[in-house]
Structure formats: structure tokens, C-alpha cells
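What follows is a single structure, written as C-alpha cells, with notes after it.
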Amino acid sequence: MHIHEYQAKSLFRKFNIQTPVAILINNTENASKACAELGCDVWVVKAQVHAGGRGKGGGVILCHSIEEVENACNKLFGSNLVTPQTDAKGLPISQILIEGGQNIKRELYLGLLVDRQTQKITILASTEGGMDIEKVAAESPEKIIKFGVDPLGALTEDDCVSIASKLELEGELINQFTKTLLGLYEIFITKDVNLIEINPLITTIDNNLLALDGKIDFDDNALYRHEDIAELRDTSQEDEKENEASKYQLNYISLDGTIGCMVNGAGLAMATMDLIEHHGGSPANFLDVGGGTTAERVAKAFELIQTEANVRGILVNIFGGIVRCDLIAEGILQAIEKVGLNLPIVVRLEGTNAPEGLKLLDESTFNIHTEADLTQAAIKIVELSA
Ligand code: GDP
Ligand code: MN
């Protein structure tokens, strides 16, 4: 789960990480009051969306008067922000962080994640922070400092000081950096974080170290034990269909192809998508309806697939291991009765009671193509949705 920059920064402050003064607003009317309260003469208007690259997408605007702040807010509120990290539609802006502008001397990068290769919590740091960190990582990886934390110990002050010196920090800034990194590590460990990142971590002209941005991705599987974090979820920033699907325990991910897939089991779903591609088609979604599928879930899955504008045909591929194929067939028929069917459909059933299930579908009044063989089913749906 992702959270907004303002939420990340509020967590940062609780863990002794310094951030610029800032006020969150929900509409332009509150902008001038916020500016006055901050008491600065330069402000940064920052759109709160769950995507990076906001600076490049016009979502971070430096303003020198209250009027400029208001104009920036008017422009952003209610619109969608498109950045190099969003799709073409972008993400809705309903909250803006107004921050006191900083006199930036240097922009550093600091992040923590679990490195799957070394199986260690790993600190990534760079003197080349800011909006082009991805480019730095790709073109000059030697500029990214990597430090693996001893899995049997913890991050120490000495570790922090050594990383600070690689970042060419001196004097008081070393202490501030140590506090910042220990704080990040503490959040990482105590809140079950996948990725935590400050980019840029700045030094200012008057020699302070501040987190100018904040990004945190939490482990969804551990959210149950972090109520305070789970509360921070903003579903307006998430895919509507994927959320709707998760309410029915369906694993659904929208893609941009034309063949809707309904499959039980993630592995089988991936194999099905591969076969569709192999035979010249392209999947419109990944959908795992799970092991113990019910008629209700099958109906919901149908509904989701059919509301994707780009879908031109549906391939159902069910392996009856735990479930019986005749029950699945009944579920499919009920689902079609409920939500209708206006697209070609191929159903492949294999496993327990597969012949009975296929027979039920063949005898129905709906135009359902049945197949016992997966390759044949894939070829057929590609042909029907061409
Ligand atoms: P991102 O593009 O989504 O990562 O958004 P950031 O919060 O990182 O902001 C993008 C860039 O805006 C930063 O890398 C800074 O260069 C710049 N920026 C942000 N806040 C300030 C500020 O207070 N003063 C100045 N001069 N630049 C800022
Ligand atoms: Mn950033």
C-alpha cells in the first residue's frame, strides 16, 4: 500500500526526521490562510497523488506570491496529474500540500528496501538525488552507494556516519543524517515497509538536512497489524476495478489487450495469458478467481471483465481440483443470466466432472464455445475476438 507525501512526512516527524513546514489544504479558499500561517515568502505547491515524477508532470510548483499559490491550486485541484509514472489518465488531485520553500544547496537520495539477492535490508544513497535518480541508476550505477544491514544486528550509528562521509556530508550535517537514517530504519522495521525513500534529501544554505519528499510502500500482508497505517489508505488513488475485485477476493489486474480472462489459480492465469499471446492475441486482464470459487464470484468476475471497454472476447479456463467443473458450469450460466453476455466466449474445463460441466454449457441456450483442450481454447478465442 502506498501513502501520500504529506502522510509520509508526518510519519517522518514522529521518527525525528526533519521536514519543511507545510500545511495540507483541500480547496483553494484555504490557500492564502495557509501561506500566511507558514510565514514564508516562497512556497511550493505540491499535488498529493500516489505517483512519483510529479515535478516533471507539473504537480510541484514554486510560487513567489499568494496569488501565484492560488493560481497553482486552482489549476491543480479537481484535475488529474499525469506524470512519467502514471498512465495516460493520471491520478485525481483532491489534496495539496503547501510547503515553505527551501534554499537548496544539495539534493541527495536516501532509500531503504529489501535486496532480494543479498536478502538484506539495504540502504541506497546517492549524492545525485532529485528528479533524475532513475537515470543516474541506469547510466552511472557507481554513483549509487549500497549498504546491506547485518541481518543479525541492526543499523548502527557508525554505519550511518560511514554512509554520511560517502555522501560528502560534514560537521553538524553528519549528526542530522544519522538521526534521519536511524529514523528511516526504525520506520522500515516497525511498520513492515517494502520501500521507503527520501528524494530529494536536501542540505540547505543554512546547513540543515531536510526530507523534501517522502515515499513509503507498505507490505499489504502485514497491514492487519498496523491499524494506524491501514487508516492512511486513499482508495481514490487506486484502480477502481482492482478494488471492487478485491472485495470479492478476486485477484484482478487490468491490462490493455482485447481478450478477457477468467482463470482459477495465479499460475494457470499466467500460463493462459502466455498461450493467448503465443497464438497472436493479447489479454485484457489478469484474473484469478481463486480456489474455492462460488457462483457469486464468477458472476462478479464476468461483470468486471465485461465492463472493460477494450474486451472483445472472453476465455474461461478452469481447472477443477478443489472445485467440481459442473458446479463451475452452473455458476457461469447463472452469471450470464444475471449480467448478460454480448461477447464471444470460450470455456475450457478440465479436472473433476469436466465432461458433465462441458455438457451443461453445450446444452444451454447461450452461445458458448466449449473446449476440453487449452491450446484449442486459446486458438479459438483469438480467432473469435479478432
Ligand atoms: P516528485 O517529482 O514527485 O519526486 O516530487 P518532489 O517532491 O521530489 O519535488 C520535485 C522537485 O521539486 C525536487 O526535486 C526539487 O528540486 C523541487 N522542489 C521541491 N520543493 C522545493 C523547494 O522548497 N524549493 C525549491 N527550490 N525546489 C523544490
Ligand atoms: Mn521526489
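A note on labels: chains of the C-alpha cells are A, B, ... as shown, every chain counts residues from 1, and ligands are counted from 1 in their shown order.
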
Check: Given a cut-off of 9 Å, what residues near ligand 1 show up using only C-alpha atoms and all ligand atoms, put as a PyMOL selection string?
Finding: chain A and resi 5+20+42-62+83+99-104+107+129-132+198-202+212-215

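Straight-line separation from CA of Glu128 (chain A) to CA of Glu170 (chain A): 16.8 Å.
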
Notebook entry, point to check: Within 9 Å of Lys241 (chain A), counting only C-alpha atoms, which residues qualify if same-chain residues fewer than 5 places away don't, as a ChimeraX atom specification?
Noted result: /A:246,252-254,304

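With only C-alpha atoms taken into account, the protein and nucleic acid residues at most 7 Å from Phe147 (chain A) (excluding it and anything under 6 positions from it in its own chain) are A:Thr122, A:Ile123, A:Leu124.
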
May I have the residues from that selection written out with N, CA and C atoms, as a JSON list (two decimals), in the first residue's frame?
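Listing of result.json after writing:
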```
[["chain", "number", "residue", "atom", "x", "y", "z"],
["A", 122, "THR", "N", 18.60, -3.14, 2.70],
["A", 122, "THR", "CA", 19.69, -2.43, 2.05],
["A", 122, "THR", "C", 19.41, -0.94, 1.95],
["A", 123, "ILE", "N", 20.44, -0.17, 2.31],
["A", 123, "ILE", "CA", 20.33, 1.27, 2.22],
["A", 123, "ILE", "C", 20.90, 1.69, 0.87],
["A", 124, "LEU", "N", 20.15, 2.50, 0.17],
["A", 124, "LEU", "CA", 20.64, 3.08, -1.09],
["A", 124, "LEU", "C", 20.80, 4.57, -0.85]]
```

Notebook entry, point to check: Counting only C-alpha atoms, what is within 9 Å of Asn285 (chain A), bar same-chain residues fewer than 5 positions away, as a list of chain:residue names?
Noted result: A:Tyr252, A:Ile253, A:Ser254, A:Leu255, A:Asp256, A:Gly257, A:Thr258, A:Ile259, A:Gly260, A:Cys261, A:Met262, A:Met273, A:Ile305, A:Glu308

I'd like the neighbourhood of region 6-15 of chain A as a compact mmCIF listing (two decimals) with all heavy atoms, in the first residue's frame, where a residue qualifies if any of its atoms comes within 12 Å (using only C-alpha atoms), though same-chain residues fewer than 5 positions away should be ignored.
```txt
# COMPACT_ATOMS: atom_id res chain seq x y z
N PRO A 20 10.32 20.23 5.88
CA PRO A 20 9.97 21.66 5.84
C PRO A 20 8.60 21.87 6.48
O PRO A 20 7.80 20.93 6.55
CB PRO A 20 9.89 21.96 4.34
CG PRO A 20 10.57 20.83 3.65
CD PRO A 20 10.42 19.65 4.53
N VAL A 21 8.32 23.11 6.93
CA VAL A 21 6.98 23.41 7.45
C VAL A 21 6.00 23.30 6.29
O VAL A 21 6.32 23.66 5.15
CB VAL A 21 6.89 24.83 8.07
CG1 VAL A 21 7.58 24.87 9.40
CG2 VAL A 21 7.43 25.88 7.11
N ALA A 22 4.80 22.79 6.58
CA ALA A 22 3.83 22.58 5.50
C ALA A 22 2.42 22.50 6.04
O ALA A 22 2.22 22.13 7.20
CB ALA A 22 4.17 21.29 4.75
N ILE A 23 1.44 22.83 5.20
CA ILE A 23 0.03 22.71 5.57
C ILE A 23 -0.72 22.07 4.41
O ILE A 23 -0.51 22.42 3.24
CB ILE A 23 -0.58 24.10 5.89
CG1 ILE A 23 0.07 24.67 7.17
CG2 ILE A 23 -2.10 24.01 6.08
CD1 ILE A 23 -0.40 26.07 7.53
N LEU A 24 -1.58 21.11 4.76
CA LEU A 24 -2.36 20.40 3.73
C LEU A 24 -3.68 21.13 3.54
O LEU A 24 -4.35 21.48 4.52
CB LEU A 24 -2.63 18.97 4.19
CG LEU A 24 -3.35 18.10 3.17
CD1 LEU A 24 -2.36 17.60 2.13
CD2 LEU A 24 -4.04 16.91 3.84
N ILE A 25 -4.08 21.38 2.30
CA ILE A 25 -5.38 22.00 2.05
C ILE A 25 -6.21 21.16 1.08
O ILE A 25 -5.68 20.37 0.30
CB ILE A 25 -5.25 23.45 1.51
CG1 ILE A 25 -4.48 23.46 0.18
CG2 ILE A 25 -4.58 24.36 2.53
CD1 ILE A 25 -4.56 24.80 -0.53
N LYS A 46 2.32 21.48 -3.84
CA LYS A 46 2.61 20.11 -4.22
C LYS A 46 1.35 19.23 -4.27
O LYS A 46 0.71 19.00 -3.24
CB LYS A 46 3.62 19.49 -3.23
CG LYS A 46 4.88 20.34 -3.08
CD LYS A 46 5.93 19.67 -2.21
CE LYS A 46 6.73 18.67 -3.01
NZ LYS A 46 7.80 18.06 -2.19
N ALA A 47 1.01 18.79 -5.46
CA ALA A 47 -0.15 17.91 -5.65
C ALA A 47 0.11 16.59 -4.94
O ALA A 47 1.18 16.00 -5.08
CB ALA A 47 -0.37 17.67 -7.14
N GLN A 48 -0.89 16.12 -4.17
CA GLN A 48 -0.76 14.85 -3.47
C GLN A 48 -1.40 13.73 -4.29
O GLN A 48 -2.62 13.60 -4.33
CB GLN A 48 -1.39 14.95 -2.07
CG GLN A 48 -0.73 16.00 -1.20
CD GLN A 48 0.75 15.71 -0.94
OE1 GLN A 48 1.09 14.75 -0.26
NE2 GLN A 48 1.63 16.54 -1.50
N VAL A 49 -0.57 12.98 -4.97
CA VAL A 49 -1.04 11.80 -5.71
C VAL A 49 -0.07 10.65 -5.44
O VAL A 49 1.07 10.88 -5.04
CB VAL A 49 -1.13 12.05 -7.24
CG1 VAL A 49 -2.18 13.09 -7.57
CG2 VAL A 49 0.23 12.44 -7.82
N HIS A 50 -0.56 9.43 -5.64
CA HIS A 50 0.27 8.26 -5.39
C HIS A 50 1.17 7.95 -6.58
O HIS A 50 1.09 6.87 -7.16
CB HIS A 50 -0.59 7.03 -5.10
CG HIS A 50 -1.15 7.02 -3.71
ND1 HIS A 50 -1.77 5.92 -3.19
CD2 HIS A 50 -1.19 7.95 -2.75
CE1 HIS A 50 -2.17 6.18 -1.95
NE2 HIS A 50 -1.84 7.42 -1.66
N GLN A 95 -6.03 16.85 -2.80
CA GLN A 95 -5.31 17.43 -1.67
C GLN A 95 -4.00 18.03 -2.18
O GLN A 95 -3.35 17.48 -3.06
CB GLN A 95 -4.99 16.34 -0.64
CG GLN A 95 -6.23 15.80 0.05
CD GLN A 95 -5.90 14.58 0.87
OE1 GLN A 95 -5.31 13.62 0.38
NE2 GLN A 95 -6.26 14.61 2.14
N ILE A 96 -3.67 19.19 -1.59
CA ILE A 96 -2.43 19.86 -1.98
C ILE A 96 -1.65 20.20 -0.71
O ILE A 96 -2.23 20.64 0.28
CB ILE A 96 -2.73 21.14 -2.79
CG1 ILE A 96 -3.20 20.76 -4.20
CG2 ILE A 96 -1.51 22.05 -2.87
CD1 ILE A 96 -3.61 21.92 -5.06
N LEU A 97 -0.36 19.96 -0.76
CA LEU A 97 0.50 20.33 0.36
C LEU A 97 1.18 21.65 -0.01
O LEU A 97 1.82 21.75 -1.04
CB LEU A 97 1.54 19.24 0.59
CG LEU A 97 2.36 19.35 1.87
CD1 LEU A 97 1.48 19.16 3.10
CD2 LEU A 97 3.50 18.34 1.89
N ILE A 98 0.97 22.65 0.85
CA ILE A 98 1.69 23.91 0.64
C ILE A 98 2.85 23.92 1.62
O ILE A 98 2.66 23.78 2.83
CB ILE A 98 0.78 25.13 0.89
CG1 ILE A 98 -0.42 25.04 -0.04
CG2 ILE A 98 1.56 26.43 0.65
CD1 ILE A 98 -1.25 26.28 -0.11
N GLU A 99 4.03 24.07 1.05
CA GLU A 99 5.23 23.90 1.86
C GLU A 99 6.06 25.17 1.79
O GLU A 99 6.08 25.84 0.75
CB GLU A 99 6.01 22.72 1.27
CG GLU A 99 6.88 22.02 2.27
CD GLU A 99 7.31 20.65 1.76
OE1 GLU A 99 8.06 20.60 0.78
OE2 GLU A 99 6.90 19.65 2.35
N LYS A 179 20.56 10.79 12.45
CA LYS A 179 19.21 10.79 13.00
C LYS A 179 18.19 10.40 11.94
O LYS A 179 17.27 9.61 12.18
CB LYS A 179 18.87 12.19 13.55
CG LYS A 179 18.85 12.24 15.07
CD LYS A 179 18.80 13.66 15.60
CE LYS A 179 17.46 14.34 15.42
NZ LYS A 179 17.45 15.71 15.99
N THR A 180 18.36 10.97 10.77
CA THR A 180 17.43 10.71 9.66
C THR A 180 17.46 9.24 9.26
O THR A 180 16.41 8.59 9.14
CB THR A 180 17.81 11.58 8.44
OG1 THR A 180 17.74 12.95 8.83
CG2 THR A 180 16.88 11.33 7.26
N LEU A 181 18.65 8.71 9.08
CA LEU A 181 18.77 7.32 8.61
C LEU A 181 18.29 6.34 9.69
O LEU A 181 17.59 5.36 9.37
CB LEU A 181 20.21 7.02 8.19
CG LEU A 181 20.48 5.63 7.61
CD1 LEU A 181 19.44 5.25 6.57
CD2 LEU A 181 21.86 5.56 6.99
N LEU A 182 18.61 6.62 10.96
CA LEU A 182 18.12 5.74 12.03
C LEU A 182 16.60 5.79 12.10
O LEU A 182 15.94 4.78 12.32
CB LEU A 182 18.74 6.12 13.38
CG LEU A 182 20.24 5.78 13.54
CD1 LEU A 182 20.76 6.32 14.87
CD2 LEU A 182 20.50 4.28 13.44
N GLY A 183 16.04 6.97 11.88
CA GLY A 183 14.57 7.13 11.87
C GLY A 183 13.95 6.32 10.73
O GLY A 183 12.97 5.60 10.93
N LEU A 184 14.53 6.43 9.55
CA LEU A 184 14.01 5.68 8.40
C LEU A 184 14.06 4.18 8.66
O LEU A 184 13.12 3.44 8.36
CB LEU A 184 14.85 5.97 7.15
CG LEU A 184 14.57 7.20 6.31
CD1 LEU A 184 15.37 7.13 5.02
CD2 LEU A 184 13.09 7.34 5.99
N TYR A 185 15.19 3.74 9.22
CA TYR A 185 15.38 2.31 9.52
C TYR A 185 14.32 1.84 10.54
O TYR A 185 13.72 0.77 10.39
CB TYR A 185 16.79 2.09 10.06
CG TYR A 185 17.11 0.65 10.39
CD1 TYR A 185 17.36 -0.27 9.38
CD2 TYR A 185 17.16 0.22 11.72
CE1 TYR A 185 17.65 -1.59 9.68
CE2 TYR A 185 17.46 -1.09 12.02
CZ TYR A 185 17.70 -1.99 11.01
OH TYR A 185 17.99 -3.30 11.30
N GLU A 186 14.08 2.68 11.54
CA GLU A 186 13.09 2.36 12.57
C GLU A 186 11.69 2.23 11.95
O GLU A 186 10.94 1.30 12.27
CB GLU A 186 13.11 3.47 13.64
CG GLU A 186 12.45 3.13 14.95
CD GLU A 186 13.11 1.96 15.68
OE1 GLU A 186 14.31 1.68 15.41
OE2 GLU A 186 12.41 1.33 16.50
N ILE A 187 11.33 3.15 11.07
CA ILE A 187 10.03 3.07 10.40
C ILE A 187 9.98 1.77 9.58
O ILE A 187 9.00 1.02 9.61
CB ILE A 187 9.78 4.27 9.46
CG1 ILE A 187 9.77 5.58 10.25
CG2 ILE A 187 8.46 4.11 8.71
CD1 ILE A 187 9.68 6.84 9.38
N PHE A 188 11.05 1.52 8.85
CA PHE A 188 11.12 0.34 7.98
C PHE A 188 10.85 -0.93 8.77
O PHE A 188 10.05 -1.78 8.38
CB PHE A 188 12.51 0.26 7.33
CG PHE A 188 12.59 -0.71 6.19
CD1 PHE A 188 12.40 -0.27 4.88
CD2 PHE A 188 12.85 -2.05 6.41
CE1 PHE A 188 12.46 -1.17 3.82
CE2 PHE A 188 12.91 -2.95 5.36
CZ PHE A 188 12.72 -2.51 4.06
N THR A 190 9.65 -1.26 12.08
CA THR A 190 8.47 -1.36 12.95
C THR A 190 7.17 -1.34 12.17
O THR A 190 6.15 -1.81 12.67
CB THR A 190 8.44 -0.23 14.00
OG1 THR A 190 8.50 1.03 13.33
CG2 THR A 190 9.61 -0.34 14.97
N LYS A 191 7.16 -0.82 10.95
CA LYS A 191 5.90 -0.68 10.21
C LYS A 191 5.80 -1.64 9.02
O LYS A 191 4.92 -1.47 8.16
CB LYS A 191 5.72 0.76 9.72
CG LYS A 191 5.77 1.82 10.80
CD LYS A 191 4.55 1.78 11.70
CE LYS A 191 4.61 2.89 12.73
NZ LYS A 191 3.57 2.71 13.77
N VAL A 193 7.66 -2.17 6.19
CA VAL A 193 7.75 -1.39 4.96
C VAL A 193 8.45 -2.20 3.86
O VAL A 193 9.38 -2.96 4.12
CB VAL A 193 8.53 -0.09 5.26
CG1 VAL A 193 8.95 0.62 3.98
CG2 VAL A 193 7.70 0.83 6.16
N LEU A 195 9.37 -0.42 0.90
CA LEU A 195 10.28 0.58 0.34
C LEU A 195 10.02 1.92 1.02
O LEU A 195 8.87 2.32 1.17
CB LEU A 195 10.03 0.74 -1.16
CG LEU A 195 10.73 1.93 -1.81
CD1 LEU A 195 12.14 1.58 -2.19
CD2 LEU A 195 9.98 2.41 -3.04
N ILE A 196 11.09 2.57 1.42
CA ILE A 196 10.96 3.92 1.99
C ILE A 196 12.03 4.78 1.34
O ILE A 196 13.15 4.33 1.15
CB ILE A 196 11.05 3.88 3.53
CG1 ILE A 196 10.67 5.24 4.14
CG2 ILE A 196 12.42 3.44 4.03
CD1 ILE A 196 10.34 5.15 5.63
N GLU A 197 11.65 5.99 0.99
CA GLU A 197 12.54 6.77 0.15
C GLU A 197 12.40 8.27 0.42
O GLU A 197 11.30 8.77 0.57
CB GLU A 197 12.14 6.47 -1.30
CG GLU A 197 13.03 6.98 -2.35
CD GLU A 197 12.52 6.57 -3.74
OE1 GLU A 197 11.59 7.20 -4.24
OE2 GLU A 197 13.04 5.59 -4.28
N ILE A 198 13.53 8.95 0.51
CA ILE A 198 13.54 10.41 0.56
C ILE A 198 14.30 10.88 -0.67
O ILE A 198 15.50 10.65 -0.78
CB ILE A 198 14.24 10.95 1.82
CG1 ILE A 198 13.60 10.42 3.10
CG2 ILE A 198 14.21 12.48 1.82
CD1 ILE A 198 14.31 10.87 4.38
N LEU A 210 17.03 18.23 5.32
CA LEU A 210 15.57 18.10 5.36
C LEU A 210 15.08 17.09 4.32
O LEU A 210 15.64 17.00 3.23
CB LEU A 210 14.92 19.44 5.00
CG LEU A 210 15.06 20.64 5.94
CD1 LEU A 210 14.48 21.87 5.26
CD2 LEU A 210 14.33 20.37 7.25
N ALA A 211 14.00 16.38 4.70
CA ALA A 211 13.35 15.49 3.73
C ALA A 211 12.38 16.33 2.93
O ALA A 211 11.35 16.77 3.44
CB ALA A 211 12.60 14.37 4.45
N LEU A 212 12.70 16.55 1.65
CA LEU A 212 11.84 17.41 0.83
C LEU A 212 10.70 16.61 0.20
O LEU A 212 9.71 17.17 -0.25
CB LEU A 212 12.69 18.06 -0.27
CG LEU A 212 12.25 19.45 -0.71
CD1 LEU A 212 12.25 20.40 0.47
CD2 LEU A 212 13.13 19.97 -1.82
N ASP A 213 10.87 15.31 0.14
CA ASP A 213 9.83 14.44 -0.43
C ASP A 213 9.81 13.18 0.43
O ASP A 213 10.76 12.92 1.19
CB ASP A 213 10.18 14.11 -1.89
CG ASP A 213 9.01 13.47 -2.64
OD1 ASP A 213 7.91 13.39 -2.08
OD2 ASP A 213 9.23 13.03 -3.79
N GLY A 214 8.75 12.39 0.34
CA GLY A 214 8.68 11.15 1.11
C GLY A 214 7.81 10.14 0.40
O GLY A 214 6.72 10.47 -0.06
N LYS A 215 8.35 8.94 0.27
CA LYS A 215 7.58 7.90 -0.39
C LYS A 215 7.69 6.63 0.45
O LYS A 215 8.80 6.24 0.82
CB LYS A 215 8.16 7.68 -1.78
CG LYS A 215 7.48 6.58 -2.56
CD LYS A 215 8.04 6.53 -3.97
CE LYS A 215 7.34 5.48 -4.79
NZ LYS A 215 7.69 5.56 -6.20
N ILE A 216 6.55 6.01 0.76
CA ILE A 216 6.60 4.76 1.52
C ILE A 216 5.63 3.76 0.90
O ILE A 216 4.50 4.09 0.57
CB ILE A 216 6.22 4.95 3.01
CG1 ILE A 216 6.99 6.12 3.64
CG2 ILE A 216 6.48 3.66 3.80
CD1 ILE A 216 6.67 6.34 5.11
N ASP A 217 6.10 2.53 0.73
CA ASP A 217 5.24 1.44 0.28
C ASP A 217 5.24 0.38 1.37
O ASP A 217 6.29 -0.13 1.75
CB ASP A 217 5.77 0.88 -1.05
CG ASP A 217 4.96 -0.32 -1.51
OD1 ASP A 217 3.73 -0.30 -1.34
OD2 ASP A 217 5.57 -1.28 -2.02
N PHE A 218 4.04 0.07 1.89
CA PHE A 218 3.92 -0.89 2.99
C PHE A 218 3.56 -2.28 2.47
O PHE A 218 2.89 -2.41 1.44
CB PHE A 218 2.84 -0.43 3.98
CG PHE A 218 3.16 0.86 4.66
CD1 PHE A 218 2.71 2.07 4.12
CD2 PHE A 218 3.91 0.89 5.81
CE1 PHE A 218 3.02 3.28 4.73
CE2 PHE A 218 4.22 2.09 6.43
CZ PHE A 218 3.78 3.29 5.88
N ASP A 228 -2.90 1.94 12.40
CA ASP A 228 -2.60 3.35 12.13
C ASP A 228 -2.19 3.58 10.68
O ASP A 228 -2.49 4.60 10.08
CB ASP A 228 -1.49 3.84 13.08
CG ASP A 228 -0.22 2.99 12.99
OD1 ASP A 228 -0.32 1.77 12.69
OD2 ASP A 228 0.88 3.54 13.19
N ILE A 229 -1.51 2.60 10.10
CA ILE A 229 -1.07 2.71 8.71
C ILE A 229 -2.24 2.42 7.77
O ILE A 229 -2.48 3.15 6.81
CB ILE A 229 0.10 1.74 8.41
CG1 ILE A 229 1.30 2.02 9.33
CG2 ILE A 229 0.51 1.81 6.94
CD1 ILE A 229 1.92 3.38 9.19
N ALA A 230 -2.98 1.35 8.06
CA ALA A 230 -4.11 0.96 7.20
C ALA A 230 -5.09 2.12 7.03
O ALA A 230 -5.67 2.31 5.96
CB ALA A 230 -4.81 -0.27 7.77
N GLU A 231 -5.24 2.92 8.10
CA GLU A 231 -6.14 4.08 8.06
C GLU A 231 -5.73 5.14 7.02
O GLU A 231 -6.53 5.98 6.63
CB GLU A 231 -6.13 4.79 9.41
CG GLU A 231 -7.15 4.29 10.38
CD GLU A 231 -6.96 4.89 11.76
OE1 GLU A 231 -6.22 5.89 11.89
OE2 GLU A 231 -7.54 4.34 12.71
N LEU A 232 -4.47 5.11 6.62
CA LEU A 232 -3.95 6.13 5.71
C LEU A 232 -4.30 5.85 4.25
O LEU A 232 -4.01 6.64 3.36
CB LEU A 232 -2.42 6.25 5.84
CG LEU A 232 -1.88 6.55 7.25
CD1 LEU A 232 -0.35 6.59 7.23
CD2 LEU A 232 -2.43 7.89 7.75
N ARG A 233 -4.94 4.71 4.01
CA ARG A 233 -5.23 4.32 2.63
C ARG A 233 -6.14 5.34 1.94
O ARG A 233 -7.10 5.83 2.52
CB ARG A 233 -5.91 2.95 2.65
CG ARG A 233 -6.15 2.41 1.27
CD ARG A 233 -6.44 0.93 1.32
NE ARG A 233 -6.80 0.45 -0.01
CZ ARG A 233 -7.44 -0.68 -0.24
NH1 ARG A 233 -7.80 -1.45 0.77
NH2 ARG A 233 -7.73 -1.04 -1.46
N ASP A 234 -5.83 5.66 0.69
CA ASP A 234 -6.65 6.56 -0.10
C ASP A 234 -7.05 5.83 -1.38
O ASP A 234 -6.28 5.76 -2.34
CB ASP A 234 -5.86 7.84 -0.43
CG ASP A 234 -6.67 8.81 -1.29
OD1 ASP A 234 -7.81 8.47 -1.67
OD2 ASP A 234 -6.16 9.91 -1.56
```

Item checked: Residue nearest ligand 2 - candidates A:Gly90, A:Gly111, A:Gly331, A:Pro283, atoms counted: only C-alpha atoms and all ligand atoms -> A:Gly111

Checklist line | DSSP alpha helix (DSSP H) residues within region 158-356 of chain A, listed as a ChimeraX atom specification | finding: /A:158-166,172-190,227-230,240-247,266-278,295-306,325-339,354-356

Check: If we count only C-alpha atoms, what is near Asn367 (chain A) at a cut-off of 9 Å, once residues fewer than 5 positions away on the same chain are taken out, given as an NGL selection string?
Finding: :A and (341 or 344-345 or 361-362)

Next item on the list: Mind listing the strand (DSSP E or B) residues of region 114-173 of chain A, per DSSP on the backbone, as an MDAnalysis selection string?
Entry: chainID A and resid 114:115 120:126 144:148

Write a file of the just-selected residues containing N, CA and C atoms, as a PDB file, in the first residue's frame.
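The resulting file, out-v8.pdb, is shown below:
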```pdb
ATOM      1  N   VAL A 114      14.358  -4.171   0.778  1.00  0.00           N
ATOM      2  CA  VAL A 114      14.975  -5.471   0.978  1.00  0.00           C
ATOM      3  C   VAL A 114      15.575  -5.906  -0.355  1.00  0.00           C
ATOM      4  N   ASP A 115      16.878  -6.120  -0.373  1.00  0.00           N
ATOM      5  CA  ASP A 115      17.549  -6.589  -1.579  1.00  0.00           C
ATOM      6  C   ASP A 115      17.367  -8.098  -1.626  1.00  0.00           C
ATOM      7  N   LYS A 120      19.119  -8.894   2.369  1.00  0.00           N
ATOM      8  CA  LYS A 120      19.363  -7.967   3.478  1.00  0.00           C
ATOM      9  C   LYS A 120      18.572  -6.692   3.270  1.00  0.00           C
ATOM     10  N   ILE A 121      18.218  -6.062   4.390  1.00  0.00           N
ATOM     11  CA  ILE A 121      17.699  -4.697   4.290  1.00  0.00           C
ATOM     12  C   ILE A 121      18.857  -3.856   3.782  1.00  0.00           C
ATOM     13  N   THR A 122      18.602  -3.137   2.704  1.00  0.00           N
ATOM     14  CA  THR A 122      19.690  -2.433   2.047  1.00  0.00           C
ATOM     15  C   THR A 122      19.415  -0.938   1.950  1.00  0.00           C
ATOM     16  N   ILE A 123      20.436  -0.173   2.312  1.00  0.00           N
ATOM     17  CA  ILE A 123      20.332   1.272   2.218  1.00  0.00           C
ATOM     18  C   ILE A 123      20.899   1.689   0.870  1.00  0.00           C
ATOM     19  N   LEU A 124      20.149   2.504   0.167  1.00  0.00           N
ATOM     20  CA  LEU A 124      20.635   3.077  -1.086  1.00  0.00           C
ATOM     21  C   LEU A 124      20.796   4.567  -0.852  1.00  0.00           C
ATOM     22  N   ALA A 125      21.938   5.099  -1.253  1.00  0.00           N
ATOM     23  CA  ALA A 125      22.153   6.531  -1.070  1.00  0.00           C
ATOM     24  C   ALA A 125      22.916   7.055  -2.264  1.00  0.00           C
ATOM     25  N   SER A 126      22.721   8.346  -2.537  1.00  0.00           N
ATOM     26  CA  SER A 126      23.454   8.927  -3.655  1.00  0.00           C
ATOM     27  C   SER A 126      23.599  10.430  -3.479  1.00  0.00           C
ATOM     28  N   ILE A 144      25.532   5.159  -7.039  1.00  0.00           N
ATOM     29  CA  ILE A 144      24.576   4.723  -6.016  1.00  0.00           C
ATOM     30  C   ILE A 144      25.358   3.916  -4.970  1.00  0.00           C
ATOM     31  N   ILE A 145      25.334   4.415  -3.740  1.00  0.00           N
ATOM     32  CA  ILE A 145      26.006   3.719  -2.637  1.00  0.00           C
ATOM     33  C   ILE A 145      25.041   2.677  -2.093  1.00  0.00           C
ATOM     34  N   LYS A 146      25.539   1.426  -1.936  1.00  0.00           N
ATOM     35  CA  LYS A 146      24.682   0.356  -1.397  1.00  0.00           C
ATOM     36  C   LYS A 146      25.267  -0.135  -0.095  1.00  0.00           C
ATOM     37  N   PHE A 147      24.419  -0.269   0.915  1.00  0.00           N
ATOM     38  CA  PHE A 147      24.904  -0.781   2.192  1.00  0.00           C
ATOM     39  C   PHE A 147      23.913  -1.796   2.742  1.00  0.00           C
ATOM     40  N   GLY A 148      24.354  -3.050   2.900  1.00  0.00           N
ATOM     41  CA  GLY A 148      23.478  -4.090   3.437  1.00  0.00           C
ATOM     42  C   GLY A 148      23.584  -4.143   4.961  1.00  0.00           C
TER      43      GLY A 148
END
```

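Take CA of Asp219 (chain A) and CA of Met1 (chain A): the distance between them is 6.6 Å.
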